[in-house]
Amino acid sequence: MDDLRVVTRDIDTHATKISAKNVQVYYGETHAIKDVNVEIKEHTVTAFIGPSGCGKSTFLRSINRMNDTIDICRVEGDILIDGQDIYDRNIDPVQLRARVGMVFQKPNPFPKSIYDNVAYGPKIHGLARTKAELDEIVEKSLRRGAIWDEVKDRLHAPGTGLSGGQQQRLCIARAVATEPDVLLMDEPCSALDPIATAQVEELIDQLRESYTVVIVTHSMQQAARVSQKTAFFHLGSLVEYGNTDEIFTNPKDSRTESYISGRIG
Amino acid sequence: MTTLAFAILLAACMVAYALNRRAATGLRDGGQRLHSVSGYHGLFALLMILVPVLVVILLWLVLQGAVVNRLVMSSLPEGTLDGLGKGQVDLILAEIQSIAGGRVFGEPEVWKIAAAERFSGLLQSAALGLVLVTALLSLAIMFFARSKVSAEFRARQGAERIISGLMIFCSVIAIFTTVGIVASLAFETVKFLKLVPLTDFLFGTSWEPQIPIRADQVAAEGAFGWLPVIVGTIVITIVAIVIAIPIGLLSAIYLNEFAPKPVRSVCKPILEVLAGVPTVVYGFFAILVVAPAIRSLGAAWGIDVAPNTALAAGGVMGIMLVPFISSFADDALSAVPRALRDGALALGATRAETVMNVLFPAAIPGIVGGVLLAVSRAIGETMIVVMAAGLMANLTLNPLESVTTVTVQIVTLLIGDTSFDNPKTLAAFALGMMLFIVTLIINIFALRIVRKYREAYD
């Protein structure tokens, strides 16, 4: 893999945003995540890589309790955000998800206008008191999503009418509109063409300033391009976690080395 | 003999299939590159025989009776039918046919017996002719189809063309049936409108169709204003829909989104059983349970309630419609992609917000379809209304009074002694026509709604 361009990006902070301790996830009888311990830094892009079915998406979905929507799914262990256990009884998953935004693999804009797509989150959480405030939030979010210039003249056109890459950036704008601290991205570029992918990757790097970003990706090049920290999952276990440049240039575990050089996967 | 004709057709089809297939396989084995796979050569021969010969047989069977009858009647001795009306001529023909069938009553005239013999002779030769024509035609086409087999012959396109022709024919049948139904209704409606002016029918506020059929009967003058009847229909339909839509939709939403699996697996089949209950049974429920309950409730509040009410009939009909709406809505909600649901939940929307703001709009076309079906059922429903709402045509919007509906009136008009030159009978067709027009308008309206949402959401 000579084409891996590892961009060394400085980590601005050393504060821990998300911390997972002995996390186990079960789907019915299947033990999908085994004993994962990880500390995710604030204002950092952390990439989860690993072969298909290794549990990286499952782990991502336990960070905003999206796994709660699957009946047979069970999570054990502690996941703390800002030191608070998100599986605590007092935590309302609805409020948690407003703080921990998520972008999915396939762009999933609502069958509403572009404006309503972005305004939906702020509306249900009461973030805007007036129409003007809402307009402002929508514009700010669309600018954050790097799509404002493309859609500003047709805010009331249906969001589903945009191209795939635009839809995905719209979904990112929608996610940031609720002003989350953490942004989870589940293979956000897998349905996009190279140009749209480059745009979204550029965007992810900008988002790092305001959010803690966790991205699941199948593309090791992508992980190398956008992330500062990389976690390698294999068969439900977290094999190796460290600075991205170290993982890609000098992996400590032989499984990581095999995956990165294309021998397992 | 007819069975024999069909057997010949079947055999010819199979033989032709096998022949052509083998010929094509032979060509291929001989090293030629065929345009079509050998199976298509066989299929082409099969269809080439099946379609035209089947058409010929069916036409033959349809026309045979009329032709034979005409031949027999025209060969009767000169002057036998002179001065007889159409009915009497038909009677003589029927007599000849029954003699030919071996049922002889009394001592028939000699010419009738001769005609009967000629009749059976003609029938026999017709049957023989059918078999012969079938066999010859099948054989001829079989040879024609066999001669077509060659490497370049496009058997696949040929077979596909015949099949697509068949499909066009089948879809045209539905259209022509509709046209036929409308035409038959329109024909009788025009006859009705010759007897009763259109303005009286459309704007009259009194419906009293019980007019004398014979001159010696004593009955009312008769009035044919359809307003009380259609207003009754509308009142009952609205009552039914007002009850069915919220219950149906909310139960669908509960079962689809909130119900734990065990609840859903018990409730859904029960709900579907409701859809299978015969409407007569609903009628009993309405008349024995609901109507008295409404009456005593009304009495308790000091409201005067008729024993038969639109509310009882419409209410029970609403319960009947719940499974329609809920199963349509359930399907529509289930069809909304999981990604949309996840998207809303991931934004921190509650389940209820997700349903109301995201799933529901996306499911609107399917839900409108279910509601539309329910409205059509409500308008067309007869039995519950006959039993629970009564037969009296009152022009009222009050659901606590007895009303009647279009379908109920059609039934009451057509039972008992009827003659087809009487406005009472013809009024049924006029009502049917109006019902058809009303449901058509509702359909068009609903289709527009569905299309509007489709455009916005796809």
# chains A, B, ... in the order shown; residues from 1 in each chain; ligands from 1

call {"tool": "closest_atom_pairs", "arguments": {"of": "chain B", "to": "chain A", "cutoff": "6 Å", "atoms": "only C-alpha atoms", "output": "CSV"}}
result
residue,atom,partner,partner_atom,distance
B:Ala339,CA,A:Asn108,CA,5.9
B:Leu340,CA,A:Asn108,CA,5.7
B:Ala346,CA,A:Arg97,CA,5.5
B:Leu347,CA,A:Ala98,CA,5.5
B:Gly348,CA,A:Ala98,CA,4.5
B:Tyr457,CA,A:Pro111,CA,4.9

call {"tool": "residues_around", "arguments": {"residues": "Ile319 of chain B", "least_positions_apart": "6", "cutoff": "12 Å", "atoms": "only C-alpha atoms", "output": "ChimeraX atom specification"}}
result
/B:239-248,271,274-275,277,279,282-283,285-286,290,312-313,325-326,374,378,384

call {"tool": "select_by_dssp", "arguments": {"residues": "segment 99-254 of chain A", "states": "strand (DSSP E or B)", "output": "VMD selection string"}}
result
chain A and resid 100 to 103 113 158 182 to 186 212 to 216 229 to 234 237 to 243

call {"tool": "residues_around", "arguments": {"residues": "His31 of chain A", "least_positions_apart": "4", "cutoff": "10 Å", "atoms": "only C-alpha atoms", "output": "number ranges by chain"}}
result
A: 24-27, 55, 73-74, 235-236

call {"tool": "closest_residue", "arguments": {"among": "B:Asp330, B:Asp200, B:Glu152, B:Asp82", "to": "Val355 of chain B", "atoms": "only C-alpha atoms"}}
result
B:Asp330

call {"tool": "closest_residue", "arguments": {"among": "B:Ile99, B:Val68, B:Val104, B:Leu19", "to": "Phe143 of chain B", "atoms": "only C-alpha atoms"}}
result
B:Leu19

call {"tool": "closest_residue", "arguments": {"among": "A:Ile215, A:Ile260, A:Leu170, A:Ile79", "to": "Leu183 of chain A", "atoms": "only C-alpha atoms"}}
result
A:Ile215

call {"tool": "closest_residue", "arguments": {"among": "B:Leu93, B:Ala430, B:Ala259, B:Ala23", "to": "Lys148 of chain B", "atoms": "only C-alpha atoms"}}
result
B:Ala23

call {"tool": "closest_residue", "arguments": {"among": "A:Thr249, A:Thr46, A:Ser219, A:Thr230", "to": "Glu187 of chain A", "atoms": "only C-alpha atoms"}}
result
A:Ser219

call {"tool": "residues_around", "arguments": {"residues": "Gln222 of chain A", "least_positions_apart": "5", "cutoff": "9 Å", "atoms": "only C-alpha atoms", "output": "ChimeraX atom specification"}}
result
/A:47,201,217,227

call {"tool": "write_last_selection", "arguments": {"atoms": "N, CA, C and O atoms", "output": "CSV table (one decimal), in the first residue's frame"}}
result
chain,number,residue,atom,x,y,z
A,47,ALA,N,-11.0,7.4,13.5
A,47,ALA,CA,-11.5,6.5,12.5
A,47,ALA,C,-11.6,5.1,13.1
A,47,ALA,O,-10.6,4.7,13.8
A,201,GLU,N,-14.9,14.6,2.8
A,201,GLU,CA,-13.7,14.5,3.6
A,201,GLU,C,-13.1,15.8,4.0
A,201,GLU,O,-12.7,16.0,5.2
A,217,THR,N,-15.1,3.7,8.6
A,217,THR,CA,-14.8,3.6,7.1
A,217,THR,C,-14.2,2.3,6.7
A,217,THR,O,-13.5,1.6,7.5
A,227,SER,N,-8.3,11.2,9.6
A,227,SER,CA,-8.3,11.0,11.0
A,227,SER,C,-7.0,11.3,11.7
A,227,SER,O,-5.9,11.2,11.0

call {"tool": "closest_residue", "arguments": {"among": "B:Leu63, B:Leu345, B:Ala114, B:Ile230", "to": "Ile410 of chain B", "atoms": "only C-alpha atoms"}}
result
B:Ile230

call {"tool": "atom_distance", "arguments": {"atom1": "atom CA of Lys17 of chain A", "atom2": "atom CA of Ser210 of chain A"}}
result
12.7 Å

call {"tool": "residues_around", "arguments": {"residues": "Gln199 of chain A", "least_positions_apart": "2", "cutoff": "10 Å", "atoms": "only C-alpha atoms", "output": "mmCIF file with N, CA, C and O atoms, in the first residue's frame"}}
result
data_model
loop_
_atom_site.group_PDB
_atom_site.id
_atom_site.type_symbol
_atom_site.label_atom_id
_atom_site.label_comp_id
_atom_site.auth_asym_id
_atom_site.auth_seq_id
_atom_site.Cartn_x
_atom_site.Cartn_y
_atom_site.Cartn_z
ATOM 1 N N GLY A 145 -22.199 22.428 6.537
ATOM 2 C CA GLY A 145 -22.254 21.239 5.700
ATOM 3 C C GLY A 145 -21.671 21.477 4.321
ATOM 4 O O GLY A 145 -21.746 20.602 3.471
ATOM 5 N N ALA A 146 -21.120 22.681 4.087
ATOM 6 C CA ALA A 146 -20.491 23.036 2.818
ATOM 7 C C ALA A 146 -21.425 22.812 1.637
ATOM 8 O O ALA A 146 -21.038 22.316 0.585
ATOM 9 N N ILE A 147 -22.676 23.155 1.826
ATOM 10 C CA ILE A 147 -23.623 22.949 0.743
ATOM 11 C C ILE A 147 -24.481 24.195 0.526
ATOM 12 O O ILE A 147 -25.276 24.271 -0.398
ATOM 13 N N GLY A 165 -24.072 13.097 -3.383
ATOM 14 C CA GLY A 165 -23.096 13.801 -2.553
ATOM 15 C C GLY A 165 -23.727 14.981 -1.842
ATOM 16 O O GLY A 165 -23.448 15.240 -0.665
ATOM 17 N N GLN A 166 -24.618 15.702 -2.564
ATOM 18 C CA GLN A 166 -25.300 16.834 -1.931
ATOM 19 C C GLN A 166 -26.205 16.346 -0.810
ATOM 20 O O GLN A 166 -26.281 16.963 0.256
ATOM 21 N N ARG A 169 -24.173 15.692 2.241
ATOM 22 C CA ARG A 169 -23.776 16.919 2.940
ATOM 23 C C ARG A 169 -24.985 17.565 3.612
ATOM 24 O O ARG A 169 -24.874 18.155 4.684
ATOM 25 N N CYS A 189 -19.120 7.996 3.150
ATOM 26 C CA CYS A 189 -18.781 8.222 1.740
ATOM 27 C C CYS A 189 -18.964 6.979 0.885
ATOM 28 O O CYS A 189 -18.631 6.989 -0.291
ATOM 29 N N PRO A 194 -16.032 9.787 -6.271
ATOM 30 C CA PRO A 194 -14.775 10.331 -5.726
ATOM 31 C C PRO A 194 -14.821 11.830 -5.454
ATOM 32 O O PRO A 194 -14.272 12.284 -4.443
ATOM 33 N N ILE A 195 -15.485 12.596 -6.331
ATOM 34 C CA ILE A 195 -15.497 14.044 -6.118
ATOM 35 C C ILE A 195 -16.291 14.398 -4.865
ATOM 36 O O ILE A 195 -15.838 15.149 -4.000
ATOM 37 N N ALA A 196 -17.490 13.774 -4.746
ATOM 38 C CA ALA A 196 -18.313 14.022 -3.567
ATOM 39 C C ALA A 196 -17.584 13.552 -2.321
ATOM 40 O O ALA A 196 -17.641 14.201 -1.265
ATOM 41 N N THR A 197 -16.866 12.422 -2.438
ATOM 42 C CA THR A 197 -16.107 11.909 -1.295
ATOM 43 C C THR A 197 -15.069 12.928 -0.842
ATOM 44 O O THR A 197 -14.937 13.221 0.349
ATOM 45 N N GLU A 201 -14.872 14.638 2.755
ATOM 46 C CA GLU A 201 -13.669 14.483 3.593
ATOM 47 C C GLU A 201 -13.128 15.838 4.019
ATOM 48 O O GLU A 201 -12.735 16.034 5.172
ATOM 49 N N GLU A 202 -13.127 16.761 3.071
ATOM 50 C CA GLU A 202 -12.691 18.122 3.383
ATOM 51 C C GLU A 202 -13.543 18.691 4.512
ATOM 52 O O GLU A 202 -13.061 19.274 5.475
ATOM 53 N N LEU A 203 -14.837 18.442 4.386
ATOM 54 C CA LEU A 203 -15.800 18.921 5.369
ATOM 55 C C LEU A 203 -15.527 18.310 6.743
ATOM 56 O O LEU A 203 -15.560 19.004 7.757
ATOM 57 N N ILE A 204 -15.238 17.002 6.764
ATOM 58 C CA ILE A 204 -15.001 16.328 8.049
ATOM 59 C C ILE A 204 -13.828 16.986 8.770
ATOM 60 O O ILE A 204 -13.867 17.216 9.985
#

call {"tool": "select_by_dssp", "arguments": {"residues": "segment 26-203 of chain A", "states": "alpha helix (DSSP H)", "output": "PyMOL selection string"}}
result
chain A and resi 56-63+93-99+114-124+131-144+148-151+164-177+194-203

call {"tool": "decode", "arguments": {"residues": "segment 158-206 of chain A", "atoms": "N, CA and C atoms", "output": "tab-separated table (two decimals), in the first residue's frame"}}
result
chain	number	residue	atom	x	y	z
A	158	PRO	N	-37.45	19.83	-2.71
A	158	PRO	CA	-37.31	18.62	-1.89
A	158	PRO	C	-35.86	18.17	-1.76
A	159	GLY	N	-35.49	17.78	-0.53
A	159	GLY	CA	-34.13	17.34	-0.27
A	159	GLY	C	-33.77	16.08	-1.03
A	160	THR	N	-34.80	15.29	-1.37
A	160	THR	CA	-34.54	14.04	-2.07
A	160	THR	C	-34.17	14.28	-3.52
A	161	GLY	N	-34.36	15.53	-4.01
A	161	GLY	CA	-34.03	15.81	-5.40
A	161	GLY	C	-32.57	16.13	-5.63
A	162	LEU	N	-31.77	16.22	-4.54
A	162	LEU	CA	-30.35	16.54	-4.69
A	162	LEU	C	-29.57	15.32	-5.15
A	163	SER	N	-28.34	15.56	-5.60
A	163	SER	CA	-27.49	14.43	-5.98
A	163	SER	C	-27.02	13.71	-4.72
A	164	GLY	N	-26.45	12.52	-4.89
A	164	GLY	CA	-26.04	11.71	-3.74
A	164	GLY	C	-25.10	12.45	-2.81
A	165	GLY	N	-24.07	13.10	-3.38
A	165	GLY	CA	-23.10	13.80	-2.55
A	165	GLY	C	-23.73	14.98	-1.84
A	166	GLN	N	-24.62	15.70	-2.56
A	166	GLN	CA	-25.30	16.83	-1.93
A	166	GLN	C	-26.21	16.35	-0.81
A	167	GLN	N	-26.90	15.22	-1.06
A	167	GLN	CA	-27.78	14.68	-0.02
A	167	GLN	C	-26.98	14.35	1.24
A	168	GLN	N	-25.78	13.77	1.05
A	168	GLN	CA	-25.01	13.39	2.22
A	168	GLN	C	-24.56	14.64	2.98
A	169	ARG	N	-24.17	15.69	2.24
A	169	ARG	CA	-23.78	16.92	2.94
A	169	ARG	C	-24.99	17.57	3.61
A	170	LEU	N	-26.17	17.40	2.96
A	170	LEU	CA	-27.39	17.89	3.61
A	170	LEU	C	-27.62	17.15	4.93
A	171	CYS	N	-27.37	15.84	4.91
A	171	CYS	CA	-27.57	15.06	6.14
A	171	CYS	C	-26.57	15.49	7.21
A	172	ILE	N	-25.37	15.84	6.79
A	172	ILE	CA	-24.39	16.33	7.77
A	172	ILE	C	-24.86	17.66	8.35
A	173	ALA	N	-25.36	18.53	7.44
A	173	ALA	CA	-25.89	19.82	7.90
A	173	ALA	C	-27.04	19.61	8.87
A	174	ARG	N	-27.89	18.62	8.55
A	174	ARG	CA	-29.03	18.32	9.41
A	174	ARG	C	-28.54	17.86	10.78
A	175	ALA	N	-27.48	17.04	10.77
A	175	ALA	CA	-26.97	16.53	12.04
A	175	ALA	C	-26.34	17.65	12.88
A	176	VAL	N	-25.62	18.59	12.23
A	176	VAL	CA	-24.97	19.63	13.03
A	176	VAL	C	-25.97	20.71	13.47
A	177	ALA	N	-27.15	20.74	12.85
A	177	ALA	CA	-28.11	21.79	13.18
A	177	ALA	C	-28.60	21.68	14.61
A	178	THR	N	-28.57	20.49	15.20
A	178	THR	CA	-29.01	20.35	16.58
A	178	THR	C	-27.89	20.69	17.56
A	179	GLU	N	-26.77	21.19	17.02
A	179	GLU	CA	-25.61	21.56	17.82
A	179	GLU	C	-25.16	20.44	18.74
A	180	PRO	N	-24.76	19.33	18.15
A	180	PRO	CA	-24.26	18.22	18.97
A	180	PRO	C	-22.81	18.49	19.38
A	181	ASP	N	-22.30	17.71	20.35
A	181	ASP	CA	-20.88	17.79	20.70
A	181	ASP	C	-20.11	16.78	19.87
A	182	VAL	N	-20.79	15.66	19.60
A	182	VAL	CA	-20.13	14.54	18.96
A	182	VAL	C	-20.87	14.25	17.65
A	183	LEU	N	-20.11	13.93	16.62
A	183	LEU	CA	-20.72	13.56	15.35
A	183	LEU	C	-20.23	12.16	14.97
A	184	LEU	N	-21.17	11.23	14.86
A	184	LEU	CA	-20.81	9.87	14.49
A	184	LEU	C	-21.11	9.70	13.01
A	185	MET	N	-20.17	9.13	12.27
A	185	MET	CA	-20.39	8.95	10.84
A	185	MET	C	-20.15	7.50	10.49
A	186	ASP	N	-21.18	6.86	9.95
A	186	ASP	CA	-21.11	5.45	9.62
A	186	ASP	C	-20.88	5.30	8.11
A	187	GLU	N	-19.64	5.14	7.73
A	187	GLU	CA	-19.25	5.04	6.32
A	187	GLU	C	-19.94	6.12	5.47
A	188	PRO	N	-19.71	7.36	5.77
A	188	PRO	CA	-20.49	8.43	5.13
A	188	PRO	C	-20.21	8.57	3.64
A	189	CYS	N	-19.12	8.00	3.15
A	189	CYS	CA	-18.78	8.22	1.74
A	189	CYS	C	-18.96	6.98	0.88
A	190	SER	N	-19.48	5.89	1.48
A	190	SER	CA	-19.46	4.65	0.71
A	190	SER	C	-20.44	4.69	-0.46
A	191	ALA	N	-21.43	5.62	-0.43
A	191	ALA	CA	-22.36	5.68	-1.55
A	191	ALA	C	-22.05	6.85	-2.47
A	192	LEU	N	-20.87	7.44	-2.31
A	192	LEU	CA	-20.57	8.66	-3.05
A	192	LEU	C	-19.47	8.45	-4.09
A	193	ASP	N	-19.47	9.31	-5.10
A	193	ASP	CA	-18.42	9.23	-6.11
A	193	ASP	C	-17.17	9.95	-5.58
A	194	PRO	N	-16.03	9.79	-6.27
A	194	PRO	CA	-14.77	10.33	-5.73
A	194	PRO	C	-14.82	11.83	-5.45
A	195	ILE	N	-15.49	12.60	-6.33
A	195	ILE	CA	-15.50	14.04	-6.12
A	195	ILE	C	-16.29	14.40	-4.86
A	196	ALA	N	-17.49	13.77	-4.75
A	196	ALA	CA	-18.31	14.02	-3.57
A	196	ALA	C	-17.58	13.55	-2.32
A	197	THR	N	-16.87	12.42	-2.44
A	197	THR	CA	-16.11	11.91	-1.30
A	197	THR	C	-15.07	12.93	-0.84
A	198	ALA	N	-14.36	13.50	-1.82
A	198	ALA	CA	-13.34	14.49	-1.48
A	198	ALA	C	-13.97	15.68	-0.77
A	199	GLN	N	-15.15	16.12	-1.25
A	199	GLN	CA	-15.82	17.25	-0.61
A	199	GLN	C	-16.18	16.92	0.83
A	200	VAL	N	-16.75	15.70	1.02
A	200	VAL	CA	-17.18	15.32	2.37
A	200	VAL	C	-15.96	15.18	3.29
A	201	GLU	N	-14.87	14.64	2.75
A	201	GLU	CA	-13.67	14.48	3.59
A	201	GLU	C	-13.13	15.84	4.02
A	202	GLU	N	-13.13	16.76	3.07
A	202	GLU	CA	-12.69	18.12	3.38
A	202	GLU	C	-13.54	18.69	4.51
A	203	LEU	N	-14.84	18.44	4.39
A	203	LEU	CA	-15.80	18.92	5.37
A	203	LEU	C	-15.53	18.31	6.74
A	204	ILE	N	-15.24	17.00	6.76
A	204	ILE	CA	-15.00	16.33	8.05
A	204	ILE	C	-13.83	16.99	8.77
A	205	ASP	N	-12.80	17.33	8.00
A	205	ASP	CA	-11.65	17.95	8.63
A	205	ASP	C	-12.02	19.31	9.24
A	206	GLN	N	-12.91	20.05	8.54
A	206	GLN	CA	-13.33	21.34	9.11
A	206	GLN	C	-14.18	21.15	10.36
